[in-house]
$ cat final-v2.cif   # mmCIF, C-alpha atoms and all ligand atoms
data_upload
#
loop_
_atom_site.label_atom_id
_atom_site.label_comp_id
_atom_site.auth_asym_id
_atom_site.auth_seq_id
_atom_site.Cartn_x
_atom_site.Cartn_y
_atom_site.Cartn_z
CA MET A 22 -72.84 -89.87 238.99
CA LYS A 23 -70.21 -87.39 240.23
CA HIS A 24 -68.51 -90.22 242.12
CA TYR A 25 -68.21 -92.24 238.88
CA LEU A 26 -66.74 -89.28 237.02
CA GLU A 27 -64.23 -88.43 239.74
CA THR A 28 -63.12 -92.05 240.01
CA ALA A 29 -62.69 -92.29 236.23
CA GLU A 30 -60.71 -89.03 236.12
CA ASN A 31 -58.47 -90.21 238.93
CA ALA A 32 -57.84 -93.60 237.27
CA ALA A 33 -57.05 -91.89 233.94
CA ARG A 34 -54.64 -89.50 235.65
CA VAL A 35 -52.83 -92.25 237.59
CA ALA A 36 -52.50 -94.46 234.47
CA GLY A 37 -51.48 -91.40 232.44
CA GLU A 38 -48.74 -90.66 234.94
CA LEU A 39 -47.42 -94.23 234.58
CA LEU A 40 -47.36 -93.79 230.80
CA ARG A 41 -45.73 -90.37 230.96
CA LYS A 42 -42.96 -91.54 233.35
CA ASN A 43 -42.10 -94.49 231.11
CA PHE A 44 -42.40 -92.59 227.82
CA GLN A 45 -39.12 -92.41 225.95
CA PRO A 46 -39.08 -89.78 223.22
CA GLN A 47 -35.57 -90.78 222.12
CA LYS A 48 -34.77 -94.41 222.95
CA HIS A 49 -37.64 -96.82 222.84
CA SER A 50 -35.75 -100.11 222.83
CA VAL A 51 -36.11 -100.77 226.57
CA LEU A 52 -39.93 -100.91 226.42
CA ARG A 53 -41.10 -104.52 226.60
CA VAL A 54 -43.04 -105.63 223.56
CA ASN A 55 -45.67 -108.35 224.14
CA SER A 56 -46.64 -108.93 220.50
CA VAL A 57 -45.89 -107.62 217.02
CA GLN A 58 -47.96 -107.61 213.83
CA ALA A 59 -47.26 -105.96 210.47
CA HIS A 60 -49.17 -102.78 211.36
CA ASP A 61 -49.47 -103.01 215.16
CA LEU A 62 -47.64 -103.59 218.44
CA LYS A 63 -48.69 -104.52 221.95
CA LEU A 64 -46.56 -103.47 224.90
CA GLU A 65 -46.27 -104.71 228.45
CA ILE A 66 -47.15 -101.21 229.61
CA ASP A 67 -50.62 -101.45 227.93
CA VAL A 68 -51.30 -104.34 230.32
CA SER A 69 -49.79 -102.61 233.38
CA ALA A 70 -51.84 -99.47 232.71
CA GLN A 71 -55.06 -101.47 232.38
CA GLU A 72 -54.32 -103.42 235.59
CA LEU A 73 -53.85 -100.14 237.42
CA ILE A 74 -57.10 -98.72 236.04
CA ALA A 75 -59.01 -101.94 236.84
CA LYS A 76 -57.72 -101.88 240.42
CA LEU A 77 -58.71 -98.24 240.97
CA LEU A 78 -62.18 -98.63 239.41
CA LEU A 79 -63.15 -102.01 240.81
CA GLU A 80 -61.87 -101.34 244.32
CA GLU A 81 -64.31 -98.41 244.36
CA PHE A 82 -67.13 -100.28 242.58
CA PRO A 83 -66.64 -104.02 243.26
CA GLY A 84 -69.92 -105.04 241.52
CA HIS A 85 -68.94 -103.44 238.22
CA ALA A 86 -67.30 -105.14 235.22
CA LEU A 87 -64.48 -103.93 232.98
CA TYR A 88 -64.25 -104.42 229.20
CA GLY A 89 -60.83 -103.33 228.03
CA GLU A 90 -58.43 -103.62 225.14
CA GLU A 91 -56.20 -105.80 227.33
CA GLY A 92 -59.03 -108.14 228.42
CA VAL A 93 -62.13 -108.28 230.56
CA VAL A 94 -62.52 -108.30 234.35
CA GLY A 95 -65.60 -109.21 236.39
CA ASP A 96 -69.07 -110.35 235.41
CA GLN A 97 -69.73 -108.97 231.91
CA SER A 98 -73.48 -109.25 232.43
CA SER A 99 -73.24 -106.59 235.17
CA GLU A 100 -75.36 -103.48 234.46
CA HIS A 101 -72.30 -101.30 235.01
CA GLN A 102 -69.42 -101.88 232.63
CA TRP A 103 -66.27 -99.77 232.38
CA VAL A 104 -65.00 -99.59 228.79
CA VAL A 105 -61.26 -98.94 228.89
CA ASP A 106 -58.44 -98.28 226.47
CA PRO A 107 -55.44 -97.97 228.81
CA LEU A 108 -53.13 -96.68 226.06
CA ASP A 109 -54.67 -95.50 222.82
CA GLY A 110 -51.90 -94.77 220.37
CA THR A 111 -49.58 -97.63 221.36
CA VAL A 112 -47.53 -97.42 218.16
CA ASN A 113 -47.00 -93.67 218.68
CA TYR A 114 -45.94 -94.41 222.27
CA PHE A 115 -43.39 -97.03 221.19
CA TYR A 116 -41.89 -94.78 218.51
CA GLY A 117 -41.54 -91.84 220.92
CA ILE A 118 -44.31 -89.80 219.27
CA PRO A 119 -45.98 -87.78 222.05
CA HIS A 120 -49.57 -88.36 220.91
CA PHE A 121 -51.44 -90.99 222.94
CA CYS A 122 -53.98 -91.10 225.76
CA VAL A 123 -56.01 -93.06 228.29
CA SER A 124 -59.74 -93.50 227.56
CA ILE A 125 -62.31 -94.59 230.15
CA ALA A 126 -66.10 -94.76 229.82
CA LEU A 127 -68.86 -96.15 232.01
CA ARG A 128 -71.71 -97.98 230.30
CA LEU A 129 -74.99 -98.55 232.15
CA ARG A 130 -77.24 -101.06 230.35
CA ASN A 131 -75.60 -100.16 227.00
CA GLU A 132 -75.77 -96.40 227.48
CA ILE A 133 -72.58 -94.41 228.04
CA MET A 134 -72.95 -92.39 231.26
CA VAL A 135 -69.43 -91.07 231.85
CA GLY A 136 -66.49 -90.45 229.51
CA VAL A 137 -62.93 -89.39 230.25
CA ILE A 138 -59.96 -89.01 227.89
CA TYR A 139 -56.57 -87.99 229.30
CA ASP A 140 -53.50 -86.91 227.33
CA PRO A 141 -50.66 -87.15 229.87
CA ILE A 142 -48.11 -85.33 227.69
CA ARG A 143 -50.16 -82.16 227.29
CA ASP A 144 -51.93 -82.69 230.63
CA GLU A 145 -55.32 -82.39 228.94
CA MET A 146 -58.34 -84.03 230.57
CA TRP A 147 -61.62 -84.16 228.65
CA SER A 148 -64.41 -85.32 230.91
CA GLY A 149 -68.16 -85.48 230.77
CA GLN A 150 -71.26 -87.16 232.10
CA LYS A 151 -74.62 -87.75 230.53
CA GLY A 152 -76.77 -84.65 230.16
CA GLU A 153 -74.05 -82.15 231.10
CA ILE A 154 -71.75 -79.89 229.10
CA PRO A 155 -68.35 -81.62 229.03
CA LYS A 156 -65.14 -79.96 230.18
CA LEU A 157 -61.52 -79.78 229.09
CA ASN A 158 -59.36 -79.14 232.15
CA CYS A 159 -62.45 -77.83 233.98
CA ARG A 160 -63.52 -75.47 231.14
CA PRO A 161 -66.71 -76.19 229.18
CA PHE A 162 -66.23 -76.91 225.45
CA HIS A 163 -68.31 -77.26 222.31
CA VAL A 164 -67.83 -78.79 218.86
CA SER A 165 -66.78 -76.49 215.99
CA ASP A 166 -69.40 -74.69 213.91
CA ARG A 167 -67.64 -75.12 210.54
CA ALA A 168 -70.19 -76.29 208.00
CA ASP A 169 -68.14 -75.77 204.85
CA LEU A 170 -66.28 -78.94 203.86
CA SER A 171 -63.57 -76.95 202.08
CA GLU A 172 -62.58 -75.33 205.41
CA ALA A 173 -62.68 -78.52 207.44
CA VAL A 174 -59.89 -80.46 209.14
CA ILE A 175 -60.79 -84.11 209.27
CA SER A 176 -59.15 -87.11 210.84
CA VAL A 177 -59.23 -90.45 209.02
CA GLY A 178 -58.15 -93.56 210.91
CA LEU A 179 -56.44 -96.23 208.86
CA SER A 180 -56.84 -98.95 211.52
CA LYS A 181 -54.40 -101.85 211.79
CA THR A 182 -54.95 -104.81 209.48
CA SER A 183 -54.40 -104.92 205.71
CA GLU A 184 -58.10 -105.60 205.21
CA MET A 185 -59.11 -102.55 207.26
CA ILE A 186 -56.46 -100.36 205.67
CA ASP A 187 -57.98 -101.28 202.31
CA SER A 188 -61.40 -100.15 203.46
CA ASN A 189 -60.15 -96.88 205.03
CA PHE A 190 -57.72 -95.75 202.35
CA PRO A 191 -60.41 -94.93 199.75
CA LEU A 192 -62.07 -92.72 202.38
CA LEU A 193 -58.83 -90.80 202.84
CA GLN A 194 -58.38 -90.46 199.07
CA GLN A 195 -61.93 -89.23 198.69
CA MET A 196 -61.90 -86.73 201.56
CA ILE A 197 -58.45 -85.25 201.00
CA HIS A 198 -59.51 -83.41 197.85
CA HIS A 199 -62.55 -81.80 199.46
CA VAL A 200 -61.26 -80.60 202.83
CA ARG A 201 -58.55 -78.18 203.96
CA LYS A 202 -56.54 -80.98 205.59
CA CYS A 203 -56.85 -84.64 206.43
CA ARG A 204 -54.92 -85.95 209.45
CA VAL A 205 -53.91 -89.49 210.39
CA LEU A 206 -52.55 -89.12 213.94
CA GLY A 207 -52.76 -92.66 215.36
CA SER A 208 -55.07 -92.26 218.37
CA ALA A 209 -58.79 -92.72 217.78
CA ALA A 210 -59.68 -91.57 221.29
CA LEU A 211 -57.77 -88.30 220.83
CA ASP A 212 -59.42 -87.90 217.40
CA MET A 213 -62.77 -88.10 219.19
CA ALA A 214 -61.65 -85.66 221.90
CA TYR A 215 -60.43 -83.23 219.21
CA VAL A 216 -63.78 -83.37 217.40
CA ALA A 217 -65.58 -82.84 220.72
CA CYS A 218 -63.68 -79.65 221.52
CA GLY A 219 -63.65 -78.23 217.98
CA ARG A 220 -60.05 -78.85 216.87
CA PHE A 221 -61.24 -81.32 214.23
CA ASP A 222 -64.54 -81.05 212.39
CA ALA A 223 -64.95 -84.80 211.90
CA TYR A 224 -63.31 -88.17 212.41
CA ILE A 225 -64.01 -91.28 210.33
CA GLU A 226 -62.73 -94.83 210.50
CA ARG A 227 -63.93 -98.26 209.45
CA GLY A 228 -62.92 -101.03 211.82
CA ILE A 229 -62.72 -99.53 215.30
CA SER A 230 -63.32 -101.13 218.73
CA LEU A 231 -65.67 -99.88 221.40
CA TRP A 232 -62.85 -99.05 223.83
CA ASP A 233 -61.32 -96.67 221.25
CA ILE A 234 -64.39 -94.48 220.99
CA ALA A 235 -66.75 -95.06 223.97
CA ALA A 236 -65.61 -92.07 226.05
CA GLY A 237 -65.35 -89.79 223.00
CA TRP A 238 -68.85 -90.77 221.91
CA LEU A 239 -70.36 -89.23 225.04
CA LEU A 240 -68.06 -86.19 224.86
CA ILE A 241 -68.98 -85.42 221.23
CA GLU A 242 -72.71 -85.84 221.70
CA ASN A 243 -72.71 -83.74 224.87
CA ALA A 244 -70.67 -81.07 223.09
CA GLY A 245 -73.29 -80.76 220.34
CA GLY A 246 -71.90 -83.15 217.71
CA THR A 247 -73.14 -86.41 216.27
CA VAL A 248 -71.74 -89.93 216.27
CA ASP A 249 -72.89 -92.56 213.79
CA LEU A 250 -71.56 -95.91 215.01
CA ARG A 251 -72.42 -99.07 213.07
CA PRO A 252 -71.34 -102.62 213.85
CA ARG A 253 -69.40 -104.19 210.97
CA PRO A 254 -71.32 -107.27 209.86
CA ASP A 255 -68.10 -108.86 208.61
CA MET A 256 -65.99 -108.35 211.76
CA LYS A 257 -66.88 -109.34 215.31
CA ASP A 258 -66.88 -106.42 217.79
CA LYS A 259 -65.70 -103.92 215.18
CA TYR A 260 -67.53 -100.77 214.14
CA SER A 261 -67.52 -98.10 211.46
CA ILE A 262 -67.70 -94.59 212.84
CA VAL A 263 -68.50 -91.15 211.48
CA ALA A 264 -68.19 -88.52 214.22
CA THR A 265 -68.83 -84.88 213.31
CA ASN A 266 -69.62 -81.45 214.65
CA GLY A 267 -73.22 -82.10 213.56
CA VAL A 268 -73.34 -79.38 210.92
CA ILE A 269 -70.84 -80.48 208.31
CA ASP A 270 -71.97 -82.67 205.39
CA LEU A 271 -69.13 -85.06 204.60
CA LYS A 272 -70.90 -86.23 201.43
CA LEU A 273 -69.97 -89.84 202.19
C1 LIG B 1 -55.56 -97.75 217.55
C2 LIG B 1 -55.47 -96.26 217.35
C3 LIG B 1 -55.50 -95.89 215.88
C4 LIG B 1 -56.71 -96.45 215.18
C5 LIG B 1 -56.83 -97.94 215.41
C6 LIG B 1 -56.82 -98.24 216.90
P1 LIG B 1 -54.33 -98.63 219.79
O1 LIG B 1 -55.62 -98.09 218.92
O2 LIG B 1 -56.56 -95.63 217.99
O3 LIG B 1 -55.54 -94.49 215.71
O4 LIG B 1 -56.59 -96.18 213.79
O5 LIG B 1 -58.03 -98.40 214.82
O6 LIG B 1 -56.94 -99.63 217.08
O7 LIG B 1 -53.97 -99.96 219.21
O8 LIG B 1 -53.25 -97.65 219.64
O9 LIG B 1 -54.86 -98.72 221.19
CA CA B 2 -57.07 -98.12 221.00
#
$ encode --input "final-v2.cif" --output "structure tokens"
Amino acid sequence: MKHYLETAENAARVAGELLRKNFQPQKHSVLRVNSVQAHDLKLEIDVSAQELIAKLLLEEFPGHALYGEEGVVGDQSSEHQWVVDPLDGTVNYFYGIPHFCVSIALRLRNEIMVGVIYDPIRDEMWSGQKGEIPKLNCRPFHVSDRADLSEAVISVGLSKTSEMIDSNFPLLQQMIHHVRKCRVLGSAALDMAYVACGRFDAYIERGISLWDIAAGWLLIENAGGTVDLRPRPDMKDKYSIVATNGVIDLKL
């Protein structure tokens, strides 16, 4: 499994470097935009980063498949499937907000075996494999031990369509009065990484995709937390997620 982890870390670092080099904190107009919606954007660099990751992973493991935000590659019935978000936090990236990451997980017959999240701005690499204590830049980490809701810092994702915003906003309204702070930072994968290493006590969102949270799922569970992921019956391939340090009661 070490080979899988090392290959995922390398792919995340190489894609992260591409993102960092092209990141424009002051003038974003030269970035090529592929599509625009009311509450979302897709950039050409999302696609370039995924192509780079796919090349690095599938050259090493030609029999594997890739399921990514920018499309699928290979035979999706393969036992080994890489679940990839090449740029999580695309809107932040476009607006010059230095909070985004690369997220890569390996699924074997529906079980996540390896998870890597890389923040190229802060040069932070969270990585873990099944059954082992995960590491942040080579140092082991654990979820927080805060059990008291009034002391908690919680991230609430608002997602990206009007319908999903309507289902997330009441959560934010409800939580904000009970916790120390709610945060809406715009990268689900970094939210998961922050819960895993104890910066956040929980992260909740209704209407998330597997590539947003697959790597973080393994990191949180291996760091002692819990992840409750439920498919949304009303939306294909979308999930509701409650990820916590395992001791806090969110009273949802
Ligand atoms: C989005 C971000 C955001 C979350 C959305 C995601 P993207 O991913 O993670 O924080 O609220 O649900 O779709 O589009 O930046 O890769
Ligand atoms: Ca994403």
$ residues_near_ligand --input "final-v2.cif" --ligand "ligand LIG 1 (chain B)" --cutoff "9 Å" --atoms "all atoms listed in the file" --output "PyMOL selection string"
chain A and resi 61-63+67+90+106-114+121-122+177-182+185+205-212+226-230+232-234
$ closest_residue --input "final-v2.cif" --among "A:Gln102, A:Ser171, A:Ser56, A:Ser176" --to "Arg220 (chain A)" --atoms "only C-alpha atoms"
A:Ser176
$ atom_distance --input "final-v2.cif" --atom1 "CA of Ala36 (chain A)" --atom2 "CA of Leu250 (chain A)"
27.3 Å
$ atom_distance --input "final-v2.cif" --atom1 "CA of Glu81 (chain A)" --atom2 "CA of Ala29 (chain A)"
10.3 Å
$ residues_around --input "final-v2.cif" --residues "Ser183 (chain A)" --least-positions-apart "3" --cutoff "9 Å" --atoms "only C-alpha atoms" --output "list in words"
Ala59, His60, Ser180, Ile186, Asp187 and Ser188 of chain A
